[in-house]
file coords_8.csv (CSV, C-alpha atoms (C1' of nucleotides))
chain,number,residue,atom,x,y,z
A,1,MET,CA,-22.2,-50.6,90.0
A,2,LYS,CA,-25.7,-50.9,88.5
A,3,LEU,CA,-26.4,-54.0,86.3
A,4,VAL,CA,-29.6,-54.4,84.3
A,5,THR,CA,-31.3,-56.9,82.1
A,6,TRP,CA,-34.1,-56.2,79.6
A,7,ASN,CA,-35.7,-58.2,76.9
A,8,VAL,CA,-36.7,-55.5,74.5
A,9,ASN,CA,-38.6,-57.7,71.9
A,10,SER,CA,-37.1,-55.9,68.8
A,11,LEU,CA,-34.4,-53.3,69.3
A,12,ASN,CA,-35.7,-51.6,66.1
A,13,VAL,CA,-39.0,-50.9,67.7
A,14,ARG,CA,-37.8,-50.3,71.2
A,15,LEU,CA,-34.7,-48.1,70.5
A,16,PRO,CA,-36.3,-44.9,71.7
A,17,HIS,CA,-37.3,-46.6,75.0
A,18,VAL,CA,-33.8,-48.0,75.5
A,19,LEU,CA,-32.2,-44.6,74.9
A,20,ASP,CA,-34.5,-42.8,77.2
A,21,TRP,CA,-34.0,-45.4,79.9
A,22,LEU,CA,-30.2,-45.2,79.6
A,23,LYS,CA,-30.2,-41.5,79.9
A,24,GLU,CA,-32.4,-41.5,82.9
A,25,HIS,CA,-30.9,-44.4,84.9
A,26,GLN,CA,-27.2,-44.4,83.7
A,27,PRO,CA,-26.6,-48.1,84.5
A,28,ASP,CA,-23.0,-49.4,84.3
A,29,ALA,CA,-24.3,-52.2,82.1
A,30,LEU,CA,-27.5,-52.9,80.3
A,31,CYS,CA,-28.0,-56.5,78.9
A,32,LEU,CA,-30.5,-56.7,76.1
A,33,GLN,CA,-32.2,-59.7,74.6
A,34,GLU,CA,-34.4,-60.3,71.5
A,35,LEU,CA,-32.7,-57.7,69.4
A,36,LYS,CA,-34.4,-59.3,66.4
A,37,LEU,CA,-32.0,-57.6,64.0
A,38,GLU,CA,-28.8,-58.5,62.1
A,39,SER,CA,-25.5,-57.3,63.5
A,40,SER,CA,-25.1,-55.0,60.5
A,41,LYS,CA,-28.2,-53.2,61.5
A,42,PHE,CA,-27.2,-52.7,65.1
A,43,PRO,CA,-27.7,-48.9,66.0
A,44,GLN,CA,-24.1,-48.4,67.3
A,45,GLU,CA,-24.2,-44.6,66.6
A,46,ALA,CA,-27.2,-44.1,68.8
A,47,PHE,CA,-25.5,-45.6,71.8
A,48,ASP,CA,-22.2,-43.7,71.0
A,49,GLU,CA,-24.2,-40.5,71.3
A,50,VAL,CA,-25.4,-41.4,74.8
A,51,GLY,CA,-22.0,-42.6,76.0
A,52,TYR,CA,-22.3,-46.3,75.8
A,53,TYR,CA,-20.1,-49.0,74.4
A,54,ALA,CA,-21.8,-52.0,72.9
A,55,ALA,CA,-20.9,-55.7,72.5
A,56,PHE,CA,-23.5,-57.4,70.4
A,57,GLU,CA,-24.4,-60.6,68.6
A,58,GLY,CA,-27.3,-60.0,66.2
A,59,GLN,CA,-29.5,-62.3,64.2
A,60,LYS,CA,-32.2,-61.6,61.6
A,61,THR,CA,-35.8,-61.9,62.9
A,62,TYR,CA,-35.1,-63.8,66.1
A,63,ASN,CA,-32.9,-63.8,69.2
A,64,GLY,CA,-29.9,-61.5,69.3
A,65,VAL,CA,-28.2,-60.2,72.5
A,66,ALA,CA,-26.1,-57.2,73.5
A,67,ILE,CA,-24.3,-55.7,76.5
A,68,LEU,CA,-24.2,-51.9,76.6
A,69,SER,CA,-21.6,-50.5,79.0
A,70,ARG,CA,-20.1,-47.3,80.4
A,71,VAL,CA,-16.6,-48.8,80.2
A,72,LYS,CA,-15.1,-50.6,77.2
A,73,PRO,CA,-16.1,-54.3,77.3
A,74,GLU,CA,-13.2,-56.7,77.6
A,75,ASP,CA,-12.7,-60.3,76.7
A,76,VAL,CA,-16.0,-60.4,74.7
A,77,VAL,CA,-17.2,-63.9,74.0
A,78,LYS,CA,-20.2,-64.8,71.8
A,79,GLY,CA,-22.0,-68.0,72.3
A,80,MET,CA,-21.0,-71.0,74.5
A,81,LEU,CA,-17.9,-72.7,73.3
A,82,ASN,CA,-19.3,-76.0,74.5
A,83,PHE,CA,-22.6,-75.8,72.6
A,84,ALA,CA,-22.7,-75.2,68.8
A,85,ASP,CA,-25.8,-73.1,68.2
A,86,GLU,CA,-27.1,-71.2,65.2
A,87,GLN,CA,-29.3,-69.1,67.5
A,88,ARG,CA,-27.6,-66.0,68.9
A,89,ARG,CA,-28.4,-66.2,72.6
A,90,VAL,CA,-25.2,-65.5,74.6
A,91,ILE,CA,-22.7,-62.7,74.9
A,92,ALA,CA,-20.3,-62.2,77.8
A,93,ALA,CA,-17.8,-59.4,78.6
A,94,THR,CA,-15.7,-58.2,81.5
A,95,LEU,CA,-16.5,-54.8,83.0
A,96,ASN,CA,-14.4,-53.4,85.8
A,97,GLY,CA,-13.3,-56.9,86.8
A,98,VAL,CA,-16.9,-58.3,86.8
A,99,ARG,CA,-17.8,-61.0,84.3
A,100,VAL,CA,-21.1,-60.1,82.8
A,101,VAL,CA,-22.9,-62.9,81.0
A,102,CYS,CA,-26.1,-62.0,79.0
A,103,VAL,CA,-28.4,-64.8,78.0
A,104,TYR,CA,-31.6,-65.3,76.1
A,105,ILE,CA,-32.6,-68.8,77.2
A,106,PRO,CA,-34.9,-70.6,74.8
A,107,ASN,CA,-38.6,-70.4,75.4
A,108,GLY,CA,-39.3,-74.1,74.8
A,109,GLN,CA,-42.8,-73.5,73.3
A,110,SER,CA,-44.5,-76.6,74.9
A,111,VAL,CA,-43.3,-79.6,76.7
A,112,ASP,CA,-44.0,-82.0,73.8
A,113,SER,CA,-42.1,-79.9,71.2
A,114,ASP,CA,-38.5,-80.3,69.9
A,115,LYS,CA,-38.0,-76.7,71.1
A,116,TYR,CA,-38.4,-77.9,74.7
A,117,GLN,CA,-35.8,-80.6,74.2
A,118,TYR,CA,-33.5,-77.9,72.7
A,119,LYS,CA,-34.2,-75.8,75.8
A,120,LEU,CA,-33.2,-78.5,78.2
A,121,ALA,CA,-30.0,-79.3,76.2
A,122,TRP,CA,-29.3,-75.6,76.1
A,123,LEU,CA,-29.7,-75.3,79.9
A,124,SER,CA,-27.4,-78.3,80.4
A,125,ALA,CA,-24.7,-76.6,78.3
A,126,LEU,CA,-25.3,-73.3,80.2
A,127,GLN,CA,-24.5,-75.1,83.5
A,128,THR,CA,-21.2,-76.3,82.1
A,129,PHE,CA,-20.4,-72.9,80.6
A,130,MET,CA,-21.2,-71.0,83.8
A,131,LYS,CA,-19.1,-73.4,85.9
A,132,GLU,CA,-16.2,-72.6,83.6
A,133,GLU,CA,-16.8,-68.8,83.6
A,134,ILE,CA,-16.9,-68.9,87.5
A,135,ALA,CA,-13.7,-70.9,87.6
A,136,ILE,CA,-12.0,-68.4,85.3
A,137,TYR,CA,-13.4,-65.1,86.5
A,138,GLY,CA,-14.7,-65.6,90.0
A,139,ASP,CA,-17.1,-62.7,90.2
A,140,VAL,CA,-19.8,-63.4,87.6
A,141,ALA,CA,-23.3,-62.0,87.0
A,142,LEU,CA,-25.6,-64.0,84.8
A,143,LEU,CA,-28.3,-61.7,83.5
A,144,GLY,CA,-31.1,-62.3,81.1
A,145,ASP,CA,-34.4,-63.7,80.0
A,146,TYR,CA,-34.3,-67.2,81.5
A,147,ASN,CA,-37.8,-68.2,80.4
A,148,ILE,CA,-38.1,-70.0,83.7
A,149,ALA,CA,-40.3,-69.0,86.6
A,150,PRO,CA,-38.2,-70.5,89.5
A,151,ALA,CA,-41.1,-70.9,92.0
A,152,ASP,CA,-44.9,-70.7,92.2
A,153,ALA,CA,-44.5,-67.3,93.8
A,154,ASP,CA,-43.2,-66.2,90.4
A,155,VAL,CA,-46.4,-67.1,88.6
A,156,TYR,CA,-49.7,-65.2,88.7
A,157,ASP,CA,-51.7,-68.5,88.5
A,158,PRO,CA,-49.4,-71.4,89.5
A,159,LYS,CA,-52.3,-74.0,89.2
A,160,GLN,CA,-52.9,-73.0,85.6
A,161,TRP,CA,-49.2,-73.1,84.8
A,162,GLU,CA,-48.4,-76.3,86.6
A,163,GLY,CA,-46.4,-78.6,84.4
A,164,GLN,CA,-46.4,-76.0,81.6
A,165,VAL,CA,-43.3,-74.7,79.8
A,166,LEU,CA,-41.5,-72.0,82.0
A,167,CYS,CA,-42.7,-73.9,85.1
A,168,THR,CA,-41.7,-77.6,84.6
A,169,ASP,CA,-39.7,-79.5,87.1
A,170,ALA,CA,-36.9,-80.0,84.6
A,171,GLU,CA,-36.6,-76.3,83.9
A,172,ARG,CA,-36.7,-75.4,87.6
A,173,ALA,CA,-34.1,-78.1,88.3
A,174,ALA,CA,-31.8,-76.5,85.7
A,175,TYR,CA,-32.3,-73.2,87.4
A,176,GLN,CA,-31.5,-74.8,90.8
A,177,GLY,CA,-28.4,-76.2,89.2
A,178,LEU,CA,-27.1,-72.7,88.5
A,179,LEU,CA,-27.7,-71.9,92.2
A,180,GLY,CA,-25.8,-75.0,92.9
A,181,LEU,CA,-22.7,-73.3,91.4
A,182,GLY,CA,-22.9,-70.9,94.3
A,183,MET,CA,-24.9,-68.2,92.6
A,184,LYS,CA,-27.8,-66.2,94.3
A,185,ASP,CA,-30.9,-64.8,92.9
A,186,GLY,CA,-30.3,-61.0,93.2
A,187,PHE,CA,-34.0,-60.2,93.4
A,188,ARG,CA,-34.7,-62.5,96.3
A,189,LEU,CA,-31.8,-61.2,98.4
A,190,PHE,CA,-34.3,-58.6,99.5
A,191,GLU,CA,-37.9,-58.5,100.7
A,192,GLN,CA,-40.1,-58.0,97.6
A,193,PRO,CA,-43.7,-57.2,97.0
A,194,GLU,CA,-45.9,-60.3,96.3
A,195,LYS,CA,-46.8,-60.8,92.7
A,196,SER,CA,-43.5,-59.3,91.4
A,197,PHE,CA,-43.3,-60.1,87.7
A,198,THR,CA,-41.0,-59.2,84.8
A,199,TRP,CA,-43.2,-60.4,81.8
A,200,TRP,CA,-46.9,-60.0,81.0
A,201,ASP,CA,-48.7,-61.3,77.9
A,202,TYR,CA,-49.7,-58.6,75.5
A,203,ARG,CA,-53.1,-60.2,75.2
A,204,MET,CA,-56.1,-60.0,77.6
A,205,ASN,CA,-54.8,-56.9,79.3
A,206,GLY,CA,-52.2,-59.0,81.1
A,207,PHE,CA,-50.2,-56.1,82.4
A,208,LYS,CA,-53.1,-54.1,83.7
A,209,ARG,CA,-54.4,-57.2,85.6
A,210,ASN,CA,-50.8,-58.1,86.7
A,211,LEU,CA,-51.2,-61.5,85.1
A,212,GLY,CA,-47.4,-62.0,84.8
A,213,MET,CA,-44.4,-64.2,85.4
A,214,ARG,CA,-41.0,-63.5,86.9
A,215,ILE,CA,-38.7,-65.0,84.2
A,216,ASP,CA,-36.0,-62.4,83.9
A,217,HIS,CA,-33.3,-62.9,86.5
A,218,ILE,CA,-29.9,-61.7,87.7
A,219,LEU,CA,-27.8,-64.4,89.4
A,220,LEU,CA,-24.7,-63.4,91.3
A,221,THR,CA,-21.6,-65.2,92.6
A,222,PRO,CA,-21.1,-64.9,96.4
A,223,ASN,CA,-18.9,-61.8,96.5
A,224,LEU,CA,-21.3,-59.9,94.2
A,225,ALA,CA,-24.3,-61.1,96.2
A,226,SER,CA,-22.6,-59.8,99.4
A,227,ALA,CA,-22.1,-56.5,97.7
A,228,CYS,CA,-25.6,-56.3,96.4
A,229,ALA,CA,-27.5,-53.3,97.9
A,230,SER,CA,-30.8,-53.4,96.0
A,231,ALA,CA,-32.8,-55.3,93.3
A,232,VAL,CA,-35.8,-53.9,91.6
A,233,ILE,CA,-38.1,-54.4,88.6
A,234,ASP,CA,-38.9,-51.2,86.8
A,235,LEU,CA,-42.5,-51.2,85.7
A,236,ILE,CA,-42.5,-47.8,84.1
A,237,PRO,CA,-41.3,-48.8,80.6
A,238,ARG,CA,-44.1,-51.5,80.4
A,239,LYS,CA,-46.6,-48.7,80.7
A,240,LEU,CA,-45.3,-46.8,77.6
A,241,GLU,CA,-46.8,-46.8,74.2
A,242,ARG,CA,-45.7,-49.9,72.2
A,243,PRO,CA,-43.9,-51.4,75.2
A,244,SER,CA,-41.8,-54.5,75.3
A,245,ASP,CA,-43.7,-57.3,77.0
A,246,HIS,CA,-40.8,-57.5,79.5
A,247,ALA,CA,-39.7,-55.0,82.2
A,248,PRO,CA,-36.1,-54.2,83.1
A,249,VAL,CA,-34.6,-55.8,86.2
A,250,ALA,CA,-31.8,-54.0,88.0
A,251,VAL,CA,-29.3,-54.7,90.8
A,252,THR,CA,-26.9,-52.2,92.4
A,253,LEU,CA,-23.6,-53.5,93.8
A,254,ARG,CA,-21.4,-51.7,96.3
A,255,ALA,CA,-17.9,-50.9,95.0
B,1,DA,C1',-62.7,-70.1,72.2
B,2,DT,C1',-55.9,-74.1,71.2
B,3,DG,C1',-58.4,-67.8,70.9
B,4,DG,C1',-56.6,-63.1,73.0
B,5,DC,C1',-51.4,-59.5,71.0
B,6,DT,C1',-46.9,-58.1,68.9
B,7,DT,C1',-43.1,-58.8,66.0
B,8,DC,C1',-41.0,-59.9,61.5
B,9,DA,C1',-41.9,-62.1,57.8
B,10,DT,C1',-44.2,-62.6,53.2
B,11,DA,C1',-48.5,-62.2,50.7
B,12,DG,C1',-50.0,-68.6,54.0
B,13,DT,C1',-54.0,-72.5,56.3
B,14,DG,C1',-48.1,-67.5,58.7
B,15,DA,C1',-44.4,-68.5,62.7
B,16,DA,C1',-43.0,-67.7,67.1
B,17,DG,C1',-43.0,-65.7,71.4
B,18,DA,C1',-44.3,-66.9,76.8

call {"tool": "encode", "arguments": {"input": "coords_8.csv", "output": "structure tokens"}}
result
Amino acid sequence: MKLVTWNVNSLNVRLPHVLDWLKEHQPDALCLQELKLESSKFPQEAFDEVGYYAAFEGQKTYNGVAILSRVKPEDVVKGMLNFADEQRRVIAATLNGVRVVCVYIPNGQSVDSDKYQYKLAWLSALQTFMKEEIAIYGDVALLGDYNIAPADADVYDPKQWEGQVLCTDAERAAYQGLLGLGMKDGFRLFEQPEKSFTWWDYRMNGFKRNLGMRIDHILLTPNLASACASAVIDLIPRKLERPSDHAPVAVTLRA
DNA sequence: ATGGCTTCATAGTGAAGA
């Protein structure tokens, strides 16, 4: 089973990239974030044509998440029941007995902003939500744009980013809290190249200089982690014309 | 240099992303 997460930064703009990627890689599930379109504008037909179901929760201009899947998604839940939120950042579905949770965790903007407080409250709610999901479903994969670089190794210049949003102790503690539920970082189950990142700023030739951060993650409950055979970041879509600023992250799980 | 680039928005002194 191949599970993937990709922040596409506008599904309108990136639809051709997503369709090409699906056709080439044929994942069992592709979790998307930052659709930046209303649910009524979701390109369902385009995914029908390439053989994918879609569960989605759109929003005008900002946010928006989707799970594309080979099998029909079951028990679809939108949002976190324990956290009222106007922003569309969570969708979950069961695929072949695996609970797939797709999240777009708030960015937080800066540590002195209201958005940062919202991010911390959001992360606290996610901890509770995930504990419940694991209790119900057992085998759970949490995929998405976490907007957290878990360790200095996940940052191109840790000194510059020390104490900045994406790297603060509080955010990293929240990430560790998810690991405390028994989940493993799929990417770090394997030896990986140094300076492996999933996001690069559009500005200053960030990608060409590999000035990036690893902020998109796939956490796996123990059985899924044991079954995990590989974890990779696909840099190729980031090299295309008009790319998303994020790269897809994929894990494969043995049956 | 509180900049740089991209998106969606509106026609802003733009807002937000990360």

call {"tool": "closest_atom_pairs", "arguments": {"input": "coords_8.csv", "of": "chain B", "to": "chain A", "cutoff": "8 Å", "atoms": "all atoms listed in the file", "output": "CSV"}}
result
residue,atom,partner,partner_atom,distance
B:DG4,C1',A:Arg203,CA,5.0
B:DC5,C1',A:Arg203,CA,4.6
B:DT6,C1',A:Tyr202,CA,7.2
B:DT7,C1',A:Ser10,CA,7.2
B:DC8,C1',A:Thr61,CA,5.7
B:DA9,C1',A:Thr61,CA,8.0
B:DG17,C1',A:Asn107,CA,7.6
B:DA18,C1',A:Asn107,CA,6.8

call {"tool": "closest_residue", "arguments": {"input": "coords_8.csv", "among": "A:Leu30, A:Leu120, A:Met183, A:Leu15", "to": "Pro248 (chain A)", "atoms": "only C-alpha atoms"}}
result
A:Leu30

call {"tool": "residues_around", "arguments": {"input": "coords_8.csv", "residues": "Tyr52 (chain A)", "least_positions_apart": "3", "cutoff": "9 Å", "atoms": "all atoms listed in the file", "output": "list of chain:residue names"}}
result
A:Leu22, A:Ala29, A:Gln44, A:Ala46, A:Phe47, A:Asp48, A:Glu49, A:Leu68, A:Ser69, A:Arg70, A:Val71, A:Lys72

call {"tool": "write_last_selection", "arguments": {"input": "coords_8.csv", "atoms": "C-alpha atoms", "output": "compact mmCIF listing (two decimals), in the frame of the given file"}}
result
# COMPACT_ATOMS: atom_id res chain seq x y z
CA LEU A 22 -30.20 -45.20 79.60
CA ALA A 29 -24.30 -52.20 82.10
CA GLN A 44 -24.10 -48.40 67.30
CA ALA A 46 -27.20 -44.10 68.80
CA PHE A 47 -25.50 -45.60 71.80
CA ASP A 48 -22.20 -43.70 71.00
CA GLU A 49 -24.20 -40.50 71.30
CA LEU A 68 -24.20 -51.90 76.60
CA SER A 69 -21.60 -50.50 79.00
CA ARG A 70 -20.10 -47.30 80.40
CA VAL A 71 -16.60 -48.80 80.20
CA LYS A 72 -15.10 -50.60 77.20

call {"tool": "atom_distance", "arguments": {"input": "coords_8.csv", "atom1": "CA of Gln87 (chain A)", "atom2": "CA of Tyr116 (chain A)"}}
result
14.6 Å

call {"tool": "atom_distance", "arguments": {"input": "coords_8.csv", "atom1": "CA of Asp185 (chain A)", "atom2": "CA of Gln127 (chain A)"}}
result
15.3 Å

call {"tool": "atom_distance", "arguments": {"input": "coords_8.csv", "atom1": "CA of Ile136 (chain A)", "atom2": "CA of Ile91 (chain A)"}}
result
16.0 Å

call {"tool": "decode", "arguments": {"input": "coords_8.csv", "residues": "chain B", "atoms": "C-alpha atoms (C1' of nucleotides)", "output": "PDB file, in the first residue's frame"}}
result
ATOM      1  C1'  DA B   1      16.630  45.304   2.651  1.00  0.00           C
ATOM      2  C1'  DT B   2      10.844  43.132   7.672  1.00  0.00           C
ATOM      3  C1'  DG B   3      12.680  42.529   1.185  1.00  0.00           C
ATOM      4  C1'  DG B   4      12.925  38.206  -2.041  1.00  0.00           C
ATOM      5  C1'  DC B   5       7.946  34.732  -4.714  1.00  0.00           C
ATOM      6  C1'  DT B   6       3.238  32.743  -5.518  1.00  0.00           C
ATOM      7  C1'  DT B   7      -1.588  32.433  -4.787  1.00  0.00           C
ATOM      8  C1'  DC B   8      -6.178  34.477  -4.619  1.00  0.00           C
ATOM      9  C1'  DA B   9      -8.154  38.439  -3.952  1.00  0.00           C
ATOM     10  C1'  DT B  10      -9.587  43.122  -5.392  1.00  0.00           C
ATOM     11  C1'  DA B  11      -8.191  47.365  -7.561  1.00  0.00           C
ATOM     12  C1'  DG B  12      -5.102  48.597  -1.090  1.00  0.00           C
ATOM     13  C1'  DT B  13      -0.743  51.156   2.223  1.00  0.00           C
ATOM     14  C1'  DG B  14      -3.149  43.846  -0.197  1.00  0.00           C
ATOM     15  C1'  DA B  15      -3.168  39.215   2.820  1.00  0.00           C
ATOM     16  C1'  DA B  16      -1.125  35.028   3.727  1.00  0.00           C
ATOM     17  C1'  DG B  17       1.897  31.491   3.224  1.00  0.00           C
ATOM     18  C1'  DA B  18       6.452  29.243   5.630  1.00  0.00           C
TER      19       DA B  18
END
